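What follows is a short report on a single structure.
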Amino acid sequence: MATFLSSSLPLQFLLLFILSGSILLTQSLSTDQTLKTFIFRIDSQSKPSIFPTHYHWYSSEFATPLQILHTYDTVFHGFSAILSPQQAASLSDHPAVLAVFEDKRRELHTTRSPQFLGLRNQRGLWSDSNYGSDVIIGVFDTGIWPERRSFSDLNIGPVPSKWKGVCQTGVKFSQNNCNKKIIGARFFSKGHEAAARSPGPISGSLNDTVEFMSPRDADGHGTHTASTAAGRYAFRASMAGYASGIAKGVAPKSRLAVYKVCWKNSGCFDSDILAAFDAAVNDGVDVISISIGGGDGISSPYYLDPIAIGSYGAVSRGVFVSSSAGNDGPNGMSVTNLAPWVTTVGAGTIDRNFPAEVVLGDGRRLSGVSLYAGAPLSGKMYPVVYPGKSGVLSTSLCMENSLDPSLVKGKIVICDRGSSARVAKGLVVKKAGGVGMILANGISNGEGLVGDAHLLPTCALGSDEGDAVKAYVSSGANPTATLNFKGTILGIKPAPVVASFSGRGPNGLNPEILKPDLIAPGVNILAAWTDAVGPTGLDSDPRKTEFNILSGTSMACPHVSGAAGLLKSAHPDWSPAMIRSAMMTTANIIDNRNQPMTDESTGKASTPYDFGAGHVSLDRAMDPGLVYDITNDDYVNFLCGIGYGPKIIQVITRTPVKCPVRKPLPENLNYPSIAALFSTASKGVSRKMFIRTVTNVGQTNAVYRVNIENPGKGVTVSVKPASLSFSAGVKKRSFVVTVTADSKNLVLGDSGAVFGAISWSDGKHVVRSPLVVTQLEPL
């Protein structure tokens with residue numbers, strides 16, 4: 001009889017079955033015979049020797065006929081195949097099957113930014129003309145537009161000898177589209193095509209009028225992220241005159257390997273993503289950049305999350321994996337990609353903006369932003385109207401076919417942000433005859449603003465200014481307005497600011513691990529773009545642009561990927577955990593006013609739930625002094641500590657494992673941050689102890705002394721020993737952090753937590769780890 005366990009997916013759709021020792025994810029109590037794609041995790045050691053390959057074994061023994069899409073043998077052992085749920089349930093009885101789960105659709109988390117990481121031309125990590133050229137960055141995204149200047153291989157040396165990948169040809173993509181910069185390219189479509197043949201949100205095959213069955217990018221997102229990570233210098237770059245200057249990636253000489261796993265208008269499928277992980281690790285990449293997350297806003301357990309599983313396989317082989325934190329902020333617990341072996345990146349602003357303003361008929365000027373580059377309104381006043389006065393939600397949001405042309409023609413239209421793409425709202429207004437749009441934030445977006453290359457004159461306003469213009473329209477008999485556009489402004493203060501959309505903590509799966517890990521530039525980022533669509537990405541946008549300006553944690557992630565590439569080049573013996581530690585412990589928590597970083601959504605001080613360890617500062621990360629390393633065994637102990645059994649852990653690790661007799665504490669994972677969780681049921685004084693080990697990567701003989709930033713009233717923190725001495729024979733030192741909380745005096749902040757830090761300093765380096773103290777309801 002099956003044992004039922006709940007998963008983090010919606011219960012009405014998915015249940016977790018334990019059948020004959022294997023895990024099966026399928027529809028609850030369903031007899032549905034609709035063919036779907038399932039991913040099978042197989043114990044590879046069970047293959048009979050009579051079969052020459054795992055593929056022969058799978059196709060001969062597991063089902064006849066079995067329509068296999070992908071076989072996996074590097075980061076994951078198993079296959080994906082098209083079956084009915086009933087057939088998948090039947091196959092789960094096979095003794096070699098460890099887990100089965102249904103293929104899932106995921107979504108993309110959709111210049112000056114490298115300087116804002118602390119890099120300067122001809123200095124530091126950019127001073128050597130070949131710096132980073134030995135590093136290969138794999139980008140999992142929508143492909144690439146290879147003709148862009150950002151991907152030139154001029155004056156780049158030979159392809160690294162470790163590279164084992166291919167340049168996969170296809171529609172409008174030949175061998176000549178790869179070079180010494182784009183050294184490899186692949187595309188993965190089998191999972192997507194299988195979903196397209198099944199009932200659901202994806203119907204029909206790939207549309208070859210809007211997509212390319214090849215690594216060529218029809219969407220633009222992949223070209224943008226690839227050039228952000230490792231684009232070459234491109235002079236006289238701009239998006240229709242905005243952000244003009246030199247565009248370059250964080251690691252301009254690093255090599256790019258492109259893995260197209262996402263398809264225009266239809267997302268990315270787990271079976272294809274797993275195949276890309278398998279290929280990338282075999283190909284020899286050093287870094288994987290994946291700006292992709294769950295499409296349902298829910299984080300699955302690690303053993304049901306192919307991104308977490310594939311990432312573990314990569315990290316366990318020395319490949320650094322960076323991922324985006326998601327764009328569902330500023331809500332708490334909105335951060336995604338939570339696995340502790342993945343570096344999770346949130347988004348911050350840079351010191352550049354594209355101001356615009358709404359000038360009202362009563363003389364008031366409301367400040368906003370815009371990337372509109374067409375004919376201006378030239379100060380002419382137009383009637384302004386708010387369709388939302390009708391009380392109909394679709395009209396307030398300016399959804400497709402919601403506006404009455406007789407009411408908006410020749411007017412500036414106020415549209416509320418949400419439910420549809422910002423640029424799509426402008427198209428709706430334009431089709432209805434409007435001359436301009438005011439895009440108003442709601443409470444959930446706060447004051448966070450994002451520039452867009454709209455098709456008609458548009459100014460985006462924060463929540464307060466949006467309320468002001470709506471009140472003006474409601475109070476006046478003949479309200480009028482005009483829109484002014486002010487181009488590009490540099491030196492904006494404050495910056496960085498945590499972007500309002502950036503995914504926030506706490507960690508919804510394991511709050512013992514602080515997520516996001518850090519933030520990087522992710523607002524109004526200029527990078528290369530495809531020729532297949534205009535800057536809005538709308539099919540009806542006829543404009544072409546070499547560069548585009550986008551915002552999202554998708555844009556922040558490749559900044560860290562490029563940074564990791566440079567650090568890997570400088571320190572080839574560092575593990576992925578050491579590279580992440582170097583960035584986290586040297587991250588900046590101060591803005592360019594020398595004040596604590598603020599939260600764009602509220603204007604108040606931000607916290608580690610917003611920015612993790614802080615904003616990446618790459619020059620300092622180059623020489624961090626001390627690092628926190630994590631081994632594969634450490635991750636296994638963490639998984640044992642959160643209650644996973646050996647069979648479930650093997651789904652992630654590929655190899656059989658044994659948990660210690662004494663259950664490890666998950667909070668003792670050697671992470672560069674600390675989260676102290678106390679029970680609300682505890683009365684009086686409670687204590688938590690944390691063990692950490694640091695490795696000296698700085699001066700051989702050094703003494704570090706601790707500094708404690710106490711979280712606040714009701715909490716005391718102590719560290720023993722208070723100093724750490726290193727020498728040629730002593731590279732590692734351990735210490736114990738004790739956090740004591742008095743429930744009678746503990747006062748938690750608005751986020752439900754209080755925050756401090758522990759820093760080690762030798763007089764030159766400061767190695768800082770954020771500390772979070774919170775209370776949780778007992779299970």
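As shown in the structure tokens, the chain order sets the letters A, B, ...; within each chain, residues go from 1, and ligands are also counted from 1 in the order they appear.
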| Residue list (strand (DSSP E or B), DSSP) for stretch 480-688 of chain A, as a PyMOL selection string | chain A and resi 480-485+489-490+498+518-521+525-528+547-550+588+590+596+598-599+605+615+626-627+674-679+685-688
Could you write out that same residue set with C-alpha atoms as a PDB file, in the first residue's frame?
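Listed below is the output, again_7.pdb:
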```
ATOM      1  CA  THR A 480      -4.856  67.540 -18.522  1.00  0.00           C
ATOM      2  CA  ALA A 481      -1.242  66.438 -18.574  1.00  0.00           C
ATOM      3  CA  THR A 482       1.863  66.046 -20.693  1.00  0.00           C
ATOM      4  CA  LEU A 483       4.920  63.808 -20.506  1.00  0.00           C
ATOM      5  CA  ASN A 484       8.563  64.885 -20.580  1.00  0.00           C
ATOM      6  CA  PHE A 485      11.553  62.586 -21.164  1.00  0.00           C
ATOM      7  CA  ILE A 489      21.310  60.623 -15.805  1.00  0.00           C
ATOM      8  CA  LEU A 490      24.431  59.294 -14.033  1.00  0.00           C
ATOM      9  CA  VAL A 498      17.410  46.680  -3.328  1.00  0.00           C
ATOM     10  CA  LEU A 518      23.769  38.449  -2.265  1.00  0.00           C
ATOM     11  CA  ILE A 519      22.575  41.007  -4.784  1.00  0.00           C
ATOM     12  CA  ALA A 520      24.072  42.414  -7.993  1.00  0.00           C
ATOM     13  CA  PRO A 521      23.033  45.005 -10.600  1.00  0.00           C
ATOM     14  CA  ILE A 525      20.873  46.936 -17.502  1.00  0.00           C
ATOM     15  CA  LEU A 526      22.164  47.591 -21.028  1.00  0.00           C
ATOM     16  CA  ALA A 527      23.306  44.488 -22.925  1.00  0.00           C
ATOM     17  CA  ALA A 528      23.171  42.889 -26.384  1.00  0.00           C
ATOM     18  CA  PHE A 547      21.331  46.609 -27.370  1.00  0.00           C
ATOM     19  CA  ASN A 548      18.402  46.633 -24.992  1.00  0.00           C
ATOM     20  CA  ILE A 549      17.793  47.704 -21.413  1.00  0.00           C
ATOM     21  CA  LEU A 550      16.152  45.125 -19.153  1.00  0.00           C
ATOM     22  CA  ASN A 588      28.923  45.824   0.459  1.00  0.00           C
ATOM     23  CA  ILE A 590      26.569  50.601   2.289  1.00  0.00           C
ATOM     24  CA  PRO A 596      22.941  51.543   4.880  1.00  0.00           C
ATOM     25  CA  THR A 598      17.634  50.954   1.394  1.00  0.00           C
ATOM     26  CA  ASP A 599      14.656  49.001   0.049  1.00  0.00           C
ATOM     27  CA  ALA A 605      16.686  50.415   5.432  1.00  0.00           C
ATOM     28  CA  HIS A 615      25.952  43.823  -2.880  1.00  0.00           C
ATOM     29  CA  LEU A 626      39.395  33.881   4.718  1.00  0.00           C
ATOM     30  CA  VAL A 627      36.782  31.699   3.037  1.00  0.00           C
ATOM     31  CA  ILE A 674      24.141  32.269  10.143  1.00  0.00           C
ATOM     32  CA  ALA A 675      20.420  31.999  10.875  1.00  0.00           C
ATOM     33  CA  ALA A 676      19.423  31.321  14.499  1.00  0.00           C
ATOM     34  CA  LEU A 677      15.898  29.926  14.730  1.00  0.00           C
ATOM     35  CA  PHE A 678      14.167  29.899  18.108  1.00  0.00           C
ATOM     36  CA  SER A 679      10.789  28.372  18.899  1.00  0.00           C
ATOM     37  CA  VAL A 685      16.430  32.106  27.860  1.00  0.00           C
ATOM     38  CA  SER A 686      17.354  29.806  24.935  1.00  0.00           C
ATOM     39  CA  ARG A 687      20.712  29.154  23.285  1.00  0.00           C
ATOM     40  CA  LYS A 688      21.854  28.050  19.843  1.00  0.00           C
TER      41      LYS A 688
END
```
| Selected residue, from A:Arg41, A:Phe140, A:Ile290, A:Met584, that lies nearest to A:Ser92 when counting only C-alpha atoms |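 Under the stated criterion, the closest residue is A:Arg41.
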Kindly assemble as CSV a list of the stretch 531-595 of chain A residues that lie within 12 Å of stretch 238-260 of chain A, each paired with its nearest atom pair and their distance in Å to one decimal, using only C-alpha atoms, sorted first by chain and then by ascending residue number.
```
residue,atom,partner,partner_atom,distance
A:Gly534,CA,A:Met239,CA,11.0
A:Pro535,CA,A:Met239,CA,8.4
A:Thr536,CA,A:Met239,CA,11.5
A:Arg543,CA,A:Ala240,CA,10.0
A:Lys544,CA,A:Ala240,CA,9.6
A:Thr545,CA,A:Met239,CA,6.6
A:Glu546,CA,A:Met239,CA,7.5
A:Phe547,CA,A:Met239,CA,5.4
A:Asn548,CA,A:Met239,CA,5.3
A:Ile549,CA,A:Met239,CA,6.7
A:Leu550,CA,A:Met239,CA,10.4
A:Met555,CA,A:Gly249,CA,11.4
A:Ala556,CA,A:Val250,CA,11.2
A:Cys557,CA,A:Val250,CA,11.4
A:Pro558,CA,A:Val250,CA,8.4
A:His559,CA,A:Val250,CA,6.2
A:Val560,CA,A:Val250,CA,8.4
A:Ser561,CA,A:Val250,CA,8.4
A:Gly562,CA,A:Val250,CA,5.0
A:Ala563,CA,A:Val250,CA,6.3
A:Ala564,CA,A:Ala251,CA,8.9
A:Gly565,CA,A:Ala251,CA,6.8
A:Leu566,CA,A:Ala251,CA,6.2
A:Leu567,CA,A:Ala251,CA,9.9
A:Lys568,CA,A:Ser254,CA,10.7
A:Ser569,CA,A:Ser254,CA,9.1
A:Ala570,CA,A:Ala251,CA,12.0
```
| task | List every residue of stretch 241-323 of chain A that DSSP, applied to the backbone, labels as helix (DSSP H, G or I), and write the result as JSON, numbers by chain. | result | {"A": [270, 271, 272, 273, 274, 275, 276, 277, 278, 279, 280, 281, 282, 283, 302, 303, 304, 306, 307, 308, 309, 310, 311, 312, 313, 314, 315]}
Those selected residues, please, written with N, CA, C and O atoms and delivered as a JSON list (two decimals), in the first residue's frame.
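Contents of again28.json, freshly written:
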```
[["chain", "number", "residue", "atom", "x", "y", "z"],
["A", 270, "ASP", "N", 11.87, 21.13, -17.38],
["A", 270, "ASP", "CA", 12.85, 20.47, -16.53],
["A", 270, "ASP", "C", 13.65, 19.40, -17.27],
["A", 270, "ASP", "O", 14.86, 19.27, -17.07],
["A", 271, "SER", "N", 12.97, 18.61, -18.11],
["A", 271, "SER", "CA", 13.68, 17.52, -18.81],
["A", 271, "SER", "C", 14.77, 18.08, -19.70],
["A", 271, "SER", "O", 15.86, 17.50, -19.82],
["A", 272, "ASP", "N", 14.52, 19.23, -20.34],
["A", 272, "ASP", "CA", 15.53, 19.86, -21.19],
["A", 272, "ASP", "C", 16.63, 20.51, -20.35],
["A", 272, "ASP", "O", 17.82, 20.46, -20.72],
["A", 273, "ILE", "N", 16.25, 21.11, -19.23],
["A", 273, "ILE", "CA", 17.24, 21.75, -18.35],
["A", 273, "ILE", "C", 18.21, 20.70, -17.81],
["A", 273, "ILE", "O", 19.43, 20.91, -17.77],
["A", 274, "LEU", "N", 17.69, 19.55, -17.38],
["A", 274, "LEU", "CA", 18.56, 18.47, -16.88],
["A", 274, "LEU", "C", 19.51, 18.00, -17.97],
["A", 274, "LEU", "O", 20.69, 17.74, -17.71],
["A", 275, "ALA", "N", 19.02, 17.90, -19.20],
["A", 275, "ALA", "CA", 19.89, 17.49, -20.31],
["A", 275, "ALA", "C", 21.00, 18.51, -20.53],
["A", 275, "ALA", "O", 22.14, 18.15, -20.86],
["A", 276, "ALA", "N", 20.68, 19.78, -20.35],
["A", 276, "ALA", "CA", 21.69, 20.83, -20.51],
["A", 276, "ALA", "C", 22.74, 20.74, -19.41],
["A", 276, "ALA", "O", 23.95, 20.93, -19.68],
["A", 277, "PHE", "N", 22.31, 20.50, -18.16],
["A", 277, "PHE", "CA", 23.28, 20.31, -17.08],
["A", 277, "PHE", "C", 24.23, 19.16, -17.43],
["A", 277, "PHE", "O", 25.45, 19.27, -17.27],
["A", 278, "ASP", "N", 23.67, 18.04, -17.87],
["A", 278, "ASP", "CA", 24.48, 16.87, -18.23],
["A", 278, "ASP", "C", 25.51, 17.25, -19.30],
["A", 278, "ASP", "O", 26.70, 16.92, -19.18],
["A", 279, "ALA", "N", 25.05, 17.94, -20.33],
["A", 279, "ALA", "CA", 25.94, 18.30, -21.43],
["A", 279, "ALA", "C", 27.00, 19.30, -20.98],
["A", 279, "ALA", "O", 28.19, 19.16, -21.33],
["A", 280, "ALA", "N", 26.60, 20.32, -20.22],
["A", 280, "ALA", "CA", 27.52, 21.38, -19.86],
["A", 280, "ALA", "C", 28.68, 20.86, -19.01],
["A", 280, "ALA", "O", 29.85, 21.25, -19.22],
["A", 281, "VAL", "N", 28.37, 19.99, -18.06],
["A", 281, "VAL", "CA", 29.44, 19.44, -17.21],
["A", 281, "VAL", "C", 30.36, 18.56, -18.05],
["A", 281, "VAL", "O", 31.60, 18.62, -17.91],
["A", 282, "ASN", "N", 29.80, 17.75, -18.92],
["A", 282, "ASN", "CA", 30.63, 16.94, -19.82],
["A", 282, "ASN", "C", 31.46, 17.81, -20.75],
["A", 282, "ASN", "O", 32.60, 17.46, -21.09],
["A", 283, "ASP", "N", 30.90, 18.93, -21.19],
["A", 283, "ASP", "CA", 31.61, 19.81, -22.13],
["A", 283, "ASP", "C", 32.82, 20.49, -21.50],
["A", 283, "ASP", "O", 33.74, 20.89, -22.22],
["A", 302, "TYR", "N", 14.24, 19.71, -2.65],
["A", 302, "TYR", "CA", 15.39, 19.58, -3.53],
["A", 302, "TYR", "C", 15.32, 18.32, -4.39],
["A", 302, "TYR", "O", 15.73, 18.33, -5.55],
["A", 303, "TYR", "N", 14.78, 17.23, -3.86],
["A", 303, "TYR", "CA", 14.76, 15.97, -4.60],
["A", 303, "TYR", "C", 13.67, 15.94, -5.67],
["A", 303, "TYR", "O", 13.59, 15.00, -6.45],
["A", 304, "LEU", "N", 12.81, 16.97, -5.70],
["A", 304, "LEU", "CA", 11.81, 17.10, -6.76],
["A", 304, "LEU", "C", 12.10, 18.28, -7.68],
["A", 304, "LEU", "O", 11.28, 18.64, -8.51],
["A", 306, "PRO", "N", 14.57, 19.58, -10.47],
["A", 306, "PRO", "CA", 15.68, 19.26, -11.36],
["A", 306, "PRO", "C", 16.77, 20.33, -11.43],
["A", 306, "PRO", "O", 17.92, 20.00, -11.72],
["A", 307, "ILE", "N", 16.42, 21.60, -11.19],
["A", 307, "ILE", "CA", 17.49, 22.62, -11.16],
["A", 307, "ILE", "C", 18.39, 22.36, -9.96],
["A", 307, "ILE", "O", 19.62, 22.44, -10.05],
["A", 308, "ALA", "N", 17.81, 22.06, -8.81],
["A", 308, "ALA", "CA", 18.61, 21.75, -7.63],
["A", 308, "ALA", "C", 19.43, 20.48, -7.85],
["A", 308, "ALA", "O", 20.61, 20.41, -7.48],
["A", 309, "ILE", "N", 18.82, 19.46, -8.45],
["A", 309, "ILE", "CA", 19.52, 18.20, -8.70],
["A", 309, "ILE", "C", 20.66, 18.39, -9.70],
["A", 309, "ILE", "O", 21.79, 17.96, -9.48],
["A", 310, "GLY", "N", 20.35, 19.04, -10.83],
["A", 310, "GLY", "CA", 21.39, 19.29, -11.82],
["A", 310, "GLY", "C", 22.50, 20.16, -11.29],
["A", 310, "GLY", "O", 23.69, 19.93, -11.57],
["A", 311, "SER", "N", 22.15, 21.16, -10.48],
["A", 311, "SER", "CA", 23.15, 22.05, -9.90],
["A", 311, "SER", "C", 24.07, 21.30, -8.95],
["A", 311, "SER", "O", 25.28, 21.53, -8.93],
["A", 312, "TYR", "N", 23.48, 20.38, -8.16],
["A", 312, "TYR", "CA", 24.33, 19.60, -7.25],
["A", 312, "TYR", "C", 25.34, 18.79, -8.06],
["A", 312, "TYR", "O", 26.53, 18.74, -7.71],
["A", 313, "GLY", "N", 24.88, 18.14, -9.12],
["A", 313, "GLY", "CA", 25.80, 17.36, -9.94],
["A", 313, "GLY", "C", 26.92, 18.21, -10.50],
["A", 313, "GLY", "O", 28.07, 17.76, -10.60],
["A", 314, "ALA", "N", 26.61, 19.46, -10.86],
["A", 314, "ALA", "CA", 27.63, 20.36, -11.40],
["A", 314, "ALA", "C", 28.59, 20.82, -10.30],
["A", 314, "ALA", "O", 29.81, 20.75, -10.45],
["A", 315, "VAL", "N", 28.03, 21.29, -9.19],
["A", 315, "VAL", "CA", 28.86, 21.82, -8.10],
["A", 315, "VAL", "C", 29.76, 20.72, -7.53],
["A", 315, "VAL", "O", 30.93, 20.96, -7.21]]
```
| So, counting only C-alpha atoms, which residue among A:Pro516, A:Lys180, A:Ala373, A:Val736 is closest to A:Ser718? |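 With only C-alpha atoms as the atom set, the closest residue is A:Val736.
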Which residues are close to A:Arg106, i.e. within 12 Å by only C-alpha atoms, leaving aside same-chain residues fewer than 5 positions away? Reply as an mmCIF file with N, CA, C and O atoms, in the first residue's frame.
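Written out: out13.cif:
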```
data_model
loop_
_atom_site.group_PDB
_atom_site.id
_atom_site.type_symbol
_atom_site.label_atom_id
_atom_site.label_comp_id
_atom_site.auth_asym_id
_atom_site.auth_seq_id
_atom_site.Cartn_x
_atom_site.Cartn_y
_atom_site.Cartn_z
ATOM 1 N N ASP A 141 19.633 29.499 -21.296
ATOM 2 C CA ASP A 141 18.691 30.585 -21.548
ATOM 3 C C ASP A 141 17.998 30.345 -22.888
ATOM 4 O O ASP A 141 17.757 29.207 -23.264
ATOM 5 N N GLY A 191 11.774 18.089 -24.536
ATOM 6 C CA GLY A 191 10.777 18.235 -23.480
ATOM 7 C C GLY A 191 9.708 19.230 -23.861
ATOM 8 O O GLY A 191 8.507 19.017 -23.621
ATOM 9 N N HIS A 192 10.119 20.332 -24.465
ATOM 10 C CA HIS A 192 9.163 21.339 -24.903
ATOM 11 C C HIS A 192 8.245 20.785 -25.983
ATOM 12 O O HIS A 192 7.023 20.974 -25.937
ATOM 13 N N VAL A 261 17.647 26.337 -23.597
ATOM 14 C CA VAL A 261 16.673 25.463 -22.932
ATOM 15 C C VAL A 261 15.306 26.128 -22.828
ATOM 16 O O VAL A 261 14.342 25.482 -22.416
ATOM 17 N N CYS A 262 15.220 27.402 -23.178
ATOM 18 C CA CYS A 262 13.968 28.141 -23.074
ATOM 19 C C CYS A 262 13.559 28.627 -24.454
ATOM 20 O O CYS A 262 14.408 28.988 -25.277
ATOM 21 N N TRP A 263 12.241 28.677 -24.673
ATOM 22 C CA TRP A 263 11.708 28.957 -25.999
ATOM 23 C C TRP A 263 10.711 30.093 -25.931
ATOM 24 O O TRP A 263 9.966 30.231 -24.956
ATOM 25 N N ASN A 265 7.910 32.554 -25.738
ATOM 26 C CA ASN A 265 6.489 32.491 -25.355
ATOM 27 C C ASN A 265 6.078 31.186 -24.688
ATOM 28 O O ASN A 265 4.894 30.982 -24.424
ATOM 29 N N SER A 266 7.008 30.270 -24.427
ATOM 30 C CA SER A 266 6.575 28.979 -23.884
ATOM 31 C C SER A 266 7.449 28.415 -22.781
ATOM 32 O O SER A 266 7.256 27.285 -22.364
ATOM 33 N N GLY A 267 8.408 29.162 -22.275
ATOM 34 C CA GLY A 267 9.128 28.754 -21.078
ATOM 35 C C GLY A 267 10.193 27.703 -21.306
ATOM 36 O O GLY A 267 10.694 27.483 -22.414
ATOM 37 N N CYS A 268 10.529 27.005 -20.212
ATOM 38 C CA CYS A 268 11.653 26.080 -20.166
ATOM 39 C C CYS A 268 11.197 24.834 -19.405
ATOM 40 O O CYS A 268 10.534 24.967 -18.369
ATOM 41 N N PHE A 269 11.571 23.669 -19.876
ATOM 42 C CA PHE A 269 11.088 22.440 -19.251
ATOM 43 C C PHE A 269 12.220 21.696 -18.551
ATOM 44 O O PHE A 269 13.355 21.632 -19.040
ATOM 45 N N ASP A 270 11.866 21.125 -17.384
ATOM 46 C CA ASP A 270 12.854 20.471 -16.531
ATOM 47 C C ASP A 270 13.648 19.401 -17.268
ATOM 48 O O ASP A 270 14.860 19.269 -17.066
ATOM 49 N N SER A 271 12.974 18.608 -18.109
ATOM 50 C CA SER A 271 13.679 17.523 -18.806
ATOM 51 C C SER A 271 14.774 18.084 -19.704
ATOM 52 O O SER A 271 15.862 17.496 -19.819
ATOM 53 N N ASP A 272 14.519 19.226 -20.342
ATOM 54 C CA ASP A 272 15.531 19.860 -21.193
ATOM 55 C C ASP A 272 16.633 20.506 -20.353
ATOM 56 O O ASP A 272 17.817 20.465 -20.721
ATOM 57 N N ILE A 273 16.251 21.110 -19.233
ATOM 58 C CA ILE A 273 17.243 21.747 -18.352
ATOM 59 C C ILE A 273 18.206 20.699 -17.807
ATOM 60 O O ILE A 273 19.433 20.909 -17.768
ATOM 61 N N ILE A 290 22.124 30.431 -14.691
ATOM 62 C CA ILE A 290 20.768 29.977 -15.000
ATOM 63 C C ILE A 290 19.751 30.940 -14.379
ATOM 64 O O ILE A 290 19.484 30.900 -13.184
ATOM 65 N N SER A 291 19.232 31.822 -15.199
ATOM 66 C CA SER A 291 18.259 32.833 -14.757
ATOM 67 C C SER A 291 16.845 32.304 -14.950
ATOM 68 O O SER A 291 16.022 32.896 -15.652
ATOM 69 N N ILE A 292 16.554 31.175 -14.321
ATOM 70 C CA ILE A 292 15.294 30.464 -14.515
ATOM 71 C C ILE A 292 14.772 30.037 -13.150
ATOM 72 O O ILE A 292 15.559 29.709 -12.262
ATOM 73 N N GLY A 293 13.457 30.036 -12.986
ATOM 74 C CA GLY A 293 12.875 29.580 -11.727
ATOM 75 C C GLY A 293 11.512 28.966 -11.934
ATOM 76 O O GLY A 293 10.997 28.913 -13.054
ATOM 77 N N GLY A 294 10.941 28.485 -10.843
ATOM 78 C CA GLY A 294 9.630 27.854 -10.900
ATOM 79 C C GLY A 294 8.573 28.796 -11.412
ATOM 80 O O GLY A 294 8.523 29.961 -11.036
ATOM 81 N N GLY A 295 7.719 28.282 -12.268
ATOM 82 C CA GLY A 295 6.678 29.115 -12.860
ATOM 83 C C GLY A 295 5.466 29.277 -11.982
ATOM 84 O O GLY A 295 4.561 30.049 -12.306
ATOM 85 N N ASP A 296 5.410 28.554 -10.835
ATOM 86 C CA ASP A 296 4.217 28.613 -9.995
ATOM 87 C C ASP A 296 4.446 29.360 -8.691
ATOM 88 O O ASP A 296 3.561 29.426 -7.837
ATOM 89 N N GLY A 297 5.662 29.926 -8.502
ATOM 90 C CA GLY A 297 5.953 30.675 -7.298
ATOM 91 C C GLY A 297 6.135 29.805 -6.067
ATOM 92 O O GLY A 297 6.210 30.316 -4.953
ATOM 93 N N ILE A 298 6.226 28.476 -6.246
ATOM 94 C CA ILE A 298 6.372 27.559 -5.125
ATOM 95 C C ILE A 298 7.696 26.825 -5.277
ATOM 96 O O ILE A 298 8.044 26.363 -6.355
ATOM 97 N N SER A 299 8.442 26.709 -4.172
ATOM 98 C CA SER A 299 9.716 26.014 -4.200
ATOM 99 C C SER A 299 9.507 24.552 -3.839
ATOM 100 O O SER A 299 8.969 24.231 -2.783
ATOM 101 N N ASP A 305 13.272 18.888 -7.520
ATOM 102 C CA ASP A 305 13.624 20.099 -8.252
ATOM 103 C C ASP A 305 14.808 19.807 -9.171
ATOM 104 O O ASP A 305 15.959 19.755 -8.713
ATOM 105 N N PRO A 306 14.569 19.583 -10.467
ATOM 106 C CA PRO A 306 15.680 19.262 -11.362
ATOM 107 C C PRO A 306 16.768 20.331 -11.431
ATOM 108 O O PRO A 306 17.918 19.996 -11.719
ATOM 109 N N ILE A 307 16.424 21.596 -11.194
ATOM 110 C CA ILE A 307 17.491 22.616 -11.164
ATOM 111 C C ILE A 307 18.393 22.364 -9.959
ATOM 112 O O ILE A 307 19.624 22.441 -10.054
ATOM 113 N N GLY A 326 14.479 35.294 -8.349
ATOM 114 C CA GLY A 326 13.072 35.470 -8.680
ATOM 115 C C GLY A 326 12.617 36.901 -8.547
ATOM 116 O O GLY A 326 13.252 37.725 -7.863
ATOM 117 N N THR A 336 13.526 32.296 -4.685
ATOM 118 C CA THR A 336 13.509 30.956 -5.274
ATOM 119 C C THR A 336 14.940 30.467 -5.469
ATOM 120 O O THR A 336 15.898 31.186 -5.190
ATOM 121 N N ASN A 337 15.075 29.234 -5.980
ATOM 122 C CA ASN A 337 16.388 28.604 -6.172
ATOM 123 C C ASN A 337 17.153 28.574 -4.849
ATOM 124 O O ASN A 337 18.134 29.283 -4.651
#
```
| task | Rounded to one decimal place, report the atom CA of A:Val171-atom CA of A:Gly184 distance in Å. | result | 15.9 Å
| field | Which of A:Gly749, A:Asp43, A:Met578, A:Glu61 sits closest to A:Gly78 [using only C-alpha atoms] | value |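 Checking each candidate against A:Gly78, we get A:Asp43 as the closest.
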Pull the closest atom pair for each residue of stretch 200-308 of chain A that gets at most 7 Å from stretch 149-157 of chain A, along with the distance in Å to one decimal, counting only C-alpha atoms, ordering rows by chain and then ascending residue number, as a tab-separated table.
```
residue	atom	partner	partner_atom	distance
A:Ser227	CA	A:Ser150	CA	6.1
A:Gly231	CA	A:Ser150	CA	4.6
A:Arg232	CA	A:Ser150	CA	4.5
A:Tyr233	CA	A:Ser150	CA	6.4
A:Ala234	CA	A:Ser150	CA	6.0
```
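Of the residues listed (A:Glu777, A:Asp286, A:Glu709, A:Asp629), A:Asp629 shows the shortest atom-to-atom separation from A:Lys732; distances use only C-alpha atoms.
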| field | Residue contacts of A:Leu91 (9 Å, only C-alpha atoms) excluding same-chain residues fewer than 4 positions away, as a list of chain:residue names | value |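 In the requested form, the answer reads A:Phe62, A:Ala63, A:Gln86, A:Gln87, A:Val97, A:Val100.
Closest approach to A:Thr693 from the set A:Ser474, A:Asn668, A:Ser734, A:Ser390 is made by A:Ser734, with distances taken over only C-alpha atoms.
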